[in-house]
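Undergrad: Here it is, the structure in full.
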Amino acid sequence: MAYPNRLVLDSVTVGVEEGDRIGIVGRNGDGKSTLLRILAGTLEPDDGRVTRRSGVTVGMLGQDDGFADHATVGWAIVRDTPEHEWASDPRIRSVINGLVPDIAWDAQIGTLSGGQRRRVALASVLAGDHDIVILDEPTNHLDVEGVAWLAEHLKQRWPRGQGALLVVTHDRWFLDEVCLDTWEVHDGIVEPFEGGYAAYVLQRIERDRIAAATEQKRQNLMRKELAWLRRGAPARTSKPKFRIDAANQIIEDVPPVRNSLELKRMATARLGKDVVDLIDASVSYGDHEVLRDVTWRIGPGERSGVLGANGAGKSTLLGLITGTLKPSPGRVKHGKTVRIGVLDQQFSDLDEIGDDLVREVLARFRTTFVVDGKELTPAQLLQRLGFDREHLSTRVSELSGGLRRRLQLLLVLMKEPNVLVLDEPTNDVDTDMLTATEDLLDSWPGTLIVVSHDRYLLERVTDQQYAILDGRLRHVPGGVDEYLSLVERSAKRGVETMVSENASRHAGFSSASGSTQPVTLTGAELRALQKELSSLERKMEKSETAVGKIHAQMAQHDQSDYAGLAALTGQLRTLEAEQESLEERWLEVSAQLD
């Protein structure tokens, strides 16, 4: 498949079979979306042929939804299907509740925001009964809860060995969670790898090592990425069926991703003790209170991620930190030496220099910068972020979205801030760019605050996470998993409260003002629940230990022993199902005791 002046795909032969769950990665512009369109049948190849089994149905989420502005949300999702049919289908109800619970059924498509429109398009695809589902960047505009819901839906959508999924996404956690195979699109070819993103990283490093490391710069980045993955959860690297020993030899001399103590020492020297203090800060828009009583003392060298649903107040929190918003009431105190750099979701800072060449923009800054103890020119920094030399002679306005994002990050860093605020930095970037960005941030000694729905990025570049829940800022030591558990628990409480209130009203227990009497537990009931809670916590701890042992066995097991791995996988699934049951009961009992 060729476009003007460029061959995107050259003599590619691939196949999709029942049970496939394939993630597709590659640099922006290398042909990922083109490959999806050819497989879906919406684009004919210049040469070659595409064959499909008779009767196979394909649902695709493309870059454009194709909806007319006057169409309603309900029609876009279920078309002309009678209400009694789609309303009785549990899959369709789950899709609607998971993706568009906040969007009116009769709202016109033209009145929706870009994010809402994208979610409607995704819901439209998932509501259909398709043999093959093809998704191009489905996690865009989804918050952390939405990404988790989508991953769970796709894992449970078909029975084992049935259906097929192809997905292009830069969300590496999602790739690991959902995909069983990975295709890398590069240099006109499609190269298959076994396993999700972590397994792909391992195999790609092994491939490059055997091939004598023809791209030394990229290999160094991936070696660092591999070191972080191998020091993480054992399950991440238990899938690939090749010698783990070879991969271990690659990283045996690789230092930790970053020396946190050294970075904090450097940050303290540059920043002083006071960075940004938020004290009892609240923000309201009209009658809607977005943040209330937020107290957060941000220290030198702190690397924190901020979690929260869309509209929870993350951008408002960043506004307080950067000083573009004032709290009312409360106060925000900035240290005397603080210089804040912001990478926002728009490209407003690049619009003013759209007609300038990239080299002209770089010439306005210092000639050298020190990174990892080495002096680099601005052009070398750009190359480290994935620019080619020919891009230096390109006008800023003509750069792709991914390259504009890279240039935007570089310009922020070249102003030498000591507090860096990143608001959704993964927009419009591919996995290679993300890896390069993470590598650059590893050696950055200032204070780092990141808002992102990309949980892989958050876990990679930050050391702790906070969450905005019901307008309050809460530290979540357990990271994204703890945050999702808190959200689920809050949702269950809301349902239980609603059911309780409805039951009270129907039973005639509501007072004249409409209030309900709280349920009071007897002493014996309270003691029984507390006893059960303690028992559940002990069982959960034992189950967690057992899961850890299975992970360790899988990591050390001979990867060519398929039968042994299958047996361990079966044990692991049994334990995980038991864990889920215990956690659900623990949440129920905790809710009754609260």
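Going by the structure tokens order, chains are called A, B, ..., each with residues numbered from 1, while ligands are numbered from 1 in the order shown.
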May I have the residues within 8 Å of Leu536 (chain A) as a VMD selection string, using only C-alpha atoms and disregarding those fewer than 6 positions away in the same chain?

TA: chain A and resid 582 585 to 586

Undergrad: Excluding Leu529 (chain A) and its own-chain neighbours fewer than 3 positions away, which residues fall within 9 Å of it when counting only C-alpha atoms? Please give them as a compact mmCIF listing (two decimals) with N, CA, C and O atoms, in the first residue's frame.

TA:
```
# COMPACT_ATOMS: atom_id res chain seq x y z
N ALA A 524 -24.84 -8.04 68.60
CA ALA A 524 -24.46 -9.37 68.09
C ALA A 524 -24.18 -9.30 66.59
O ALA A 524 -23.22 -9.91 66.10
N GLU A 525 -25.03 -8.56 65.84
CA GLU A 525 -24.82 -8.44 64.39
C GLU A 525 -23.51 -7.72 64.08
O GLU A 525 -22.76 -8.10 63.17
N LEU A 526 -23.22 -6.68 64.87
CA LEU A 526 -22.00 -5.92 64.66
C LEU A 526 -20.77 -6.79 64.90
O LEU A 526 -19.81 -6.78 64.13
N GLU A 532 -16.38 -11.61 60.73
CA GLU A 532 -16.31 -12.05 59.34
C GLU A 532 -15.31 -11.21 58.56
O GLU A 532 -14.56 -11.73 57.72
N LEU A 533 -15.26 -9.89 58.83
CA LEU A 533 -14.32 -9.01 58.14
C LEU A 533 -12.88 -9.43 58.41
O LEU A 533 -12.05 -9.49 57.50
N SER A 534 -12.58 -9.74 59.68
CA SER A 534 -11.22 -10.17 60.03
C SER A 534 -10.87 -11.48 59.33
O SER A 534 -9.75 -11.67 58.83
N VAL A 589 -19.33 -6.36 53.38
CA VAL A 589 -19.28 -6.31 54.85
C VAL A 589 -18.81 -4.94 55.32
O VAL A 589 -19.35 -4.37 56.27
N SER A 590 -17.78 -4.39 54.66
CA SER A 590 -17.27 -3.07 55.03
C SER A 590 -18.34 -2.01 54.91
O SER A 590 -18.46 -1.11 55.74
N GLN A 592 -21.52 -2.40 55.25
CA GLN A 592 -22.49 -2.53 56.34
C GLN A 592 -21.94 -1.98 57.65
O GLN A 592 -22.69 -1.48 58.49
N LEU A 593 -20.62 -2.07 57.83
CA LEU A 593 -20.01 -1.58 59.07
C LEU A 593 -19.80 -0.08 59.06
O LEU A 593 -19.68 0.54 60.12
```

Undergrad: Might you pull out every residue within 12 Å of Glu584 (chain A), with only C-alpha atoms counted and same-chain residues fewer than 6 positions away left off, and present them as a PyMOL selection string?

TA: chain A and resi 485+488-489+492+533+536-537+540+577-578+590-591

Undergrad: Out of region 67-137 of chain A, which residues get strand (DSSP E or B) from DSSP, as a list in words?

TA: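 DSSP on the backbone gives strand (DSSP E or B) at Thr72, Gln108, Ile132, Val133, Ile134, Leu135 and Asp136 of chain A.
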
Undergrad: Residues of the last selection are to be written out with N, CA and C atoms, as an mmCIF file, in the first residue's frame.

TA:
```cif
data_model
loop_
_atom_site.group_PDB
_atom_site.id
_atom_site.type_symbol
_atom_site.label_atom_id
_atom_site.label_comp_id
_atom_site.auth_asym_id
_atom_site.auth_seq_id
_atom_site.Cartn_x
_atom_site.Cartn_y
_atom_site.Cartn_z
ATOM 1 N N THR A 72 -29.499 11.006 16.497
ATOM 2 C CA THR A 72 -29.538 10.955 17.957
ATOM 3 C C THR A 72 -28.552 9.914 18.474
ATOM 4 N N GLN A 108 -28.635 15.051 20.152
ATOM 5 C CA GLN A 108 -28.140 14.983 18.781
ATOM 6 C C GLN A 108 -26.618 14.909 18.777
ATOM 7 N N ILE A 132 -15.495 -10.186 14.358
ATOM 8 C CA ILE A 132 -14.204 -9.513 14.510
ATOM 9 C C ILE A 132 -14.460 -8.062 14.898
ATOM 10 N N VAL A 133 -13.780 -7.597 15.943
ATOM 11 C CA VAL A 133 -13.869 -6.202 16.364
ATOM 12 C C VAL A 133 -12.505 -5.558 16.138
ATOM 13 N N ILE A 134 -12.488 -4.446 15.395
ATOM 14 C CA ILE A 134 -11.263 -3.718 15.079
ATOM 15 C C ILE A 134 -11.379 -2.316 15.667
ATOM 16 N N LEU A 135 -10.439 -1.956 16.528
ATOM 17 C CA LEU A 135 -10.518 -0.688 17.261
ATOM 18 C C LEU A 135 -9.252 0.130 17.033
ATOM 19 N N ASP A 136 -9.425 1.352 16.543
ATOM 20 C CA ASP A 136 -8.307 2.271 16.311
ATOM 21 C C ASP A 136 -8.326 3.339 17.410
#
```

Undergrad: Would you return as an mmCIF file with C-alpha atoms, in the first residue's frame the members of region 267-345 of chain A that DSSP assigns to helix (DSSP H, G or I) on this structure's backbone?

TA:
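Output (part-v7.cif):
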```cif
data_model
loop_
_atom_site.group_PDB
_atom_site.id
_atom_site.type_symbol
_atom_site.label_atom_id
_atom_site.label_comp_id
_atom_site.auth_asym_id
_atom_site.auth_seq_id
_atom_site.Cartn_x
_atom_site.Cartn_y
_atom_site.Cartn_z
ATOM 1 C CA ALA A 267 16.034 18.972 43.360
ATOM 2 C CA THR A 268 16.460 20.250 46.903
ATOM 3 C CA ALA A 269 19.588 22.109 45.867
ATOM 4 C CA ARG A 270 17.758 23.795 43.000
ATOM 5 C CA LEU A 271 14.369 24.329 44.617
ATOM 6 C CA LYS A 314 -7.873 17.366 37.765
ATOM 7 C CA SER A 315 -7.289 20.346 35.474
ATOM 8 C CA THR A 316 -8.671 22.634 38.181
ATOM 9 C CA LEU A 317 -6.132 21.180 40.624
ATOM 10 C CA LEU A 318 -3.345 21.845 38.134
ATOM 11 C CA GLY A 319 -4.624 25.409 37.789
ATOM 12 C CA LEU A 320 -4.160 25.898 41.536
ATOM 13 C CA ILE A 321 -0.653 24.452 41.398
ATOM 14 C CA THR A 322 0.438 26.612 38.463
#
```

Undergrad: Might you pull out every residue within 9 Å of Asp470 (chain A), with only C-alpha atoms counted and same-chain residues fewer than 2 positions away left off, and present them as a list in words?

TA: Val290, Leu291, Arg292, Ala312, Ile468, Arg472 and Leu473 of chain A

Undergrad: What's the 9 Å shell around Gly161 (chain A), counting only C-alpha atoms, without same-chain residues fewer than 6 positions away, as number ranges by chain?

TA: A: 18-20

Undergrad: Any chance you can output those residues with C-alpha atoms as a JSON list (two decimals), in the first residue's frame?

TA:
```
[["chain", "number", "residue", "atom", "x", "y", "z"],
["A", 18, "GLU", "CA", -10.68, -17.33, 15.84],
["A", 19, "GLY", "CA", -9.57, -16.48, 19.35],
["A", 20, "ASP", "CA", -6.93, -13.92, 18.31]]
```

Undergrad: Quick check, in Å to one decimal: how far apart do CA of Leu226 (chain A) and CA of Ser33 (chain A) lie?

TA: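 Separation between CA of Leu226 (chain A) and CA of Ser33 (chain A): 26.8 Å.
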
Undergrad: Using only C-alpha atoms, what table do you get, as a Markdown table, when you list each residue of region 397-462 of chain A with an atom no more than 12 Å from region 174-188 of chain A, its nearest pair of atoms, and their distance in Å rounded to one decimal, rows by chain then rising number?

TA:
```
| residue | atom | partner | partner_atom | distance |
| --- | --- | --- | --- | --- |
| A:Asp430 | CA | A:Val185 | CA | 11.8 |
| A:Thr431 | CA | A:Glu184 | CA | 10.7 |
| A:Asp432 | CA | A:Glu184 | CA | 11.2 |
| A:His453 | CA | A:Phe174 | CA | 11.0 |
| A:Asp454 | CA | A:Phe174 | CA | 8.8 |
| A:Arg455 | CA | A:Phe174 | CA | 8.9 |
| A:Tyr456 | CA | A:Phe174 | CA | 8.6 |
| A:Leu457 | CA | A:Phe174 | CA | 11.6 |
```

Undergrad: Can you measure CA of Leu572 (chain A) to CA of Asp481 (chain A) for me? One decimal in Å is fine.

TA: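 Calculated distance between CA of Leu572 (chain A) and CA of Asp481 (chain A) is 18.7 Å.
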